[in-house]
Amino acid sequence: MDNFMTSRQGWQKDISAGITVGVVAVPLAMAFAIASGVGPVYGLYTAIIAGILVSLFGGSTFQIAGPTGAFIPIVSGVMLAHGYEGLLVTTFLAGILLFLMSVLRVGRLIRFMPRAVTIGFTAGIAVVIFVDQLDELFGITFEKAPHFHENFLKLVTTLPEASLWPIMIAAIGFLTLWLLPKLPVKLPLLLMAMLVPTFVSLVIPGEVATIGSAYGGIPSGLPEFNWLAIDLDLIGTLLPSAFAIAFLGALESLLSGAVADGMAGTKMNPDKELFGQGLANVVVPFFGGIPATGAIARTAT
């Protein structure tokens, strides 16, 4: 009976965590896709397919894969130079390179990564994500630039255009995070922090942009399989970008897995993790997806 109750409690926690991560990962994936210059639906497809493949075939217990902010400058550059079809081929090539890293056991080198690098990487990603959301917080819009400091300067110059209503909605989310742990009833914290402000924005009239209002509807069907239009003459041109995506993907996924290990007391298989990341990036382009990797923003959640 004790084993049954323990197992039941474990499943309840897993389901709660899965719902929370799903709710967090969906808008995050669409936001990264928009910032990369593609439609939000392609970020959604990437989060679904890559999330499933990396969870099944990766080497980390808690790794959640999908689009990430580290890819934005590379992806947007490929989109501008070679279009959407070129991006799909680049993602496929990056997956092949990740496969090679797994075969060559490059992932084992993570053992030699200093702890200070892991902490700095985590803090740096947190700062980038926080600053990248400030325009939404203040209800202002400007054309995003590829570099962090450029976006920050644009944010400062457009602050006089800030709107009070989005700030109030964000404040409600913050208060939810602060007050909910003080209640005697245990509820999924991050999930409630998203649901409560959303409900308030629906019942109280105000101007708050949503994914639907800003970018139109999201298809309800599953993504369709399509063959890639691979131009052999173009592969040499795309390889540098594919290598950059593979390198960043490997680095971010391994560091993210290492952070998860530190939080949960688990042990990642780094070479298996690179295999899962490679498989995801090979498969995702056939369904219209963009480059994916494990990310702390989803995994830590």
# chains A, B, ... in the order shown; residues from 1 in each chain; ligands from 1
$ closest_atom_pairs --of "range 32-136 of chain A" --to "range 245-260 of chain A" --cutoff "7 Å" --atoms "only C-alpha atoms" --output "Markdown table"
| residue | atom | partner | partner_atom | distance |
| --- | --- | --- | --- | --- |
| A:Ser60 | CA | A:Gly257 | CA | 5.9 |
| A:Phe62 | CA | A:Ala260 | CA | 6.7 |
| A:Gln63 | CA | A:Gly257 | CA | 6.1 |
| A:Phe71 | CA | A:Ile245 | CA | 6.6 |
| A:Ala94 | CA | A:Ala246 | CA | 4.9 |
| A:Gly95 | CA | A:Ala246 | CA | 6.9 |
| A:Leu97 | CA | A:Ala246 | CA | 6.3 |
| A:Leu98 | CA | A:Ala246 | CA | 5.8 |
| A:Ile110 | CA | A:Leu254 | CA | 6.9 |
| A:Thr118 | CA | A:Leu255 | CA | 6.2 |
$ write_last_selection --atoms "N, CA, C and O atoms" --output "mmCIF file, in the first residue's frame"
data_model
loop_
_atom_site.group_PDB
_atom_site.id
_atom_site.type_symbol
_atom_site.label_atom_id
_atom_site.label_comp_id
_atom_site.auth_asym_id
_atom_site.auth_seq_id
_atom_site.Cartn_x
_atom_site.Cartn_y
_atom_site.Cartn_z
ATOM 1 N N SER A 60 19.058 12.949 -20.375
ATOM 2 C CA SER A 60 18.740 13.665 -19.150
ATOM 3 C C SER A 60 17.324 13.333 -18.702
ATOM 4 O O SER A 60 16.411 13.227 -19.524
ATOM 5 N N PHE A 62 15.229 15.178 -16.943
ATOM 6 C CA PHE A 62 14.282 16.285 -16.890
ATOM 7 C C PHE A 62 14.400 17.259 -18.057
ATOM 8 O O PHE A 62 13.736 18.297 -18.052
ATOM 9 N N GLN A 63 15.237 16.954 -19.032
ATOM 10 C CA GLN A 63 15.469 17.905 -20.127
ATOM 11 C C GLN A 63 14.211 18.127 -20.962
ATOM 12 O O GLN A 63 13.555 17.178 -21.394
ATOM 13 N N PHE A 71 19.545 30.663 -30.433
ATOM 14 C CA PHE A 71 19.548 30.436 -31.879
ATOM 15 C C PHE A 71 19.042 31.639 -32.680
ATOM 16 O O PHE A 71 19.168 31.658 -33.907
ATOM 17 N N ALA A 94 22.473 20.507 -38.894
ATOM 18 C CA ALA A 94 22.875 20.633 -37.490
ATOM 19 C C ALA A 94 22.579 19.350 -36.729
ATOM 20 O O ALA A 94 23.366 18.924 -35.869
ATOM 21 N N GLY A 95 21.469 18.699 -37.050
ATOM 22 C CA GLY A 95 21.144 17.423 -36.422
ATOM 23 C C GLY A 95 22.166 16.353 -36.750
ATOM 24 O O GLY A 95 22.567 15.568 -35.872
ATOM 25 N N LEU A 97 25.308 16.870 -37.471
ATOM 26 C CA LEU A 97 26.522 17.216 -36.725
ATOM 27 C C LEU A 97 26.401 16.811 -35.258
ATOM 28 O O LEU A 97 27.375 16.357 -34.650
ATOM 29 N N LEU A 98 25.217 16.960 -34.680
ATOM 30 C CA LEU A 98 25.008 16.534 -33.293
ATOM 31 C C LEU A 98 25.122 15.017 -33.166
ATOM 32 O O LEU A 98 25.652 14.504 -32.167
ATOM 33 N N ILE A 110 31.780 17.470 -20.881
ATOM 34 C CA ILE A 110 31.053 18.310 -19.936
ATOM 35 C C ILE A 110 31.575 18.105 -18.521
ATOM 36 O O ILE A 110 31.438 18.975 -17.648
ATOM 37 N N THR A 118 28.816 27.015 -15.464
ATOM 38 C CA THR A 118 27.416 26.609 -15.387
ATOM 39 C C THR A 118 26.570 27.683 -14.705
ATOM 40 O O THR A 118 25.483 28.037 -15.166
#
$ residues_around --residues "Tyr42 in chain A" --least-positions-apart "2" --cutoff "12 Å" --atoms "only C-alpha atoms" --output "ChimeraX atom specification"
/A:26-27,29-40,44-50,66-67,84,87-88,218-219,222-224,284-292
$ select_by_dssp --residues "range 81-157 of chain A" --states "alpha helix (DSSP H)" --output "JSON, numbers by chain"
{"A": [81, 82, 83, 84, 85, 86, 87, 88, 89, 90, 91, 92, 93, 94, 95, 96, 97, 98, 99, 100, 101, 102, 103, 115, 116, 117, 118, 119, 120, 121, 122, 123, 124, 125, 126, 127, 128, 129, 130, 131, 132, 134, 135, 136, 137, 148, 149, 150, 151, 152, 153, 154, 155, 156, 157]}
$ atom_distance --atom1 "CA of Leu137 in chain A" --atom2 "CA of Ile167 in chain A"
5.5 Å
$ residues_around --residues "Ile235 in chain A" --least-positions-apart "4" --cutoff "12 Å" --atoms "only C-alpha atoms" --output "PyMOL selection string"
chain A and resi 82+86-94+229-231+239-243
$ atom_distance --atom1 "CA of Phe148 in chain A" --atom2 "CA of Ala65 in chain A"
22.9 Å
$ closest_residue --among "A:Ile172, A:Leu234, A:Val282, A:Met192" --to "Ile19 in chain A" --atoms "only C-alpha atoms"
A:Met192
$ residues_around --residues "Leu190 in chain A" --least-positions-apart "5" --cutoff "9 Å" --atoms "only C-alpha atoms" --output "list in words"
Thr20, Val21, Val24, Thr176, Leu177, Leu195 and Thr301 of chain A
$ write_last_selection --atoms "C-alpha atoms" --output "CSV table (one decimal), in the first residue's frame"
chain,number,residue,atom,x,y,z
A,20,THR,CA,3.0,23.4,-15.9
A,21,VAL,CA,5.9,23.0,-18.3
A,24,VAL,CA,5.1,27.6,-20.0
A,176,THR,CA,0.4,35.2,-7.4
A,177,LEU,CA,3.9,33.9,-7.2
A,195,LEU,CA,-3.8,31.4,-15.3
A,301,THR,CA,10.5,24.9,-14.6
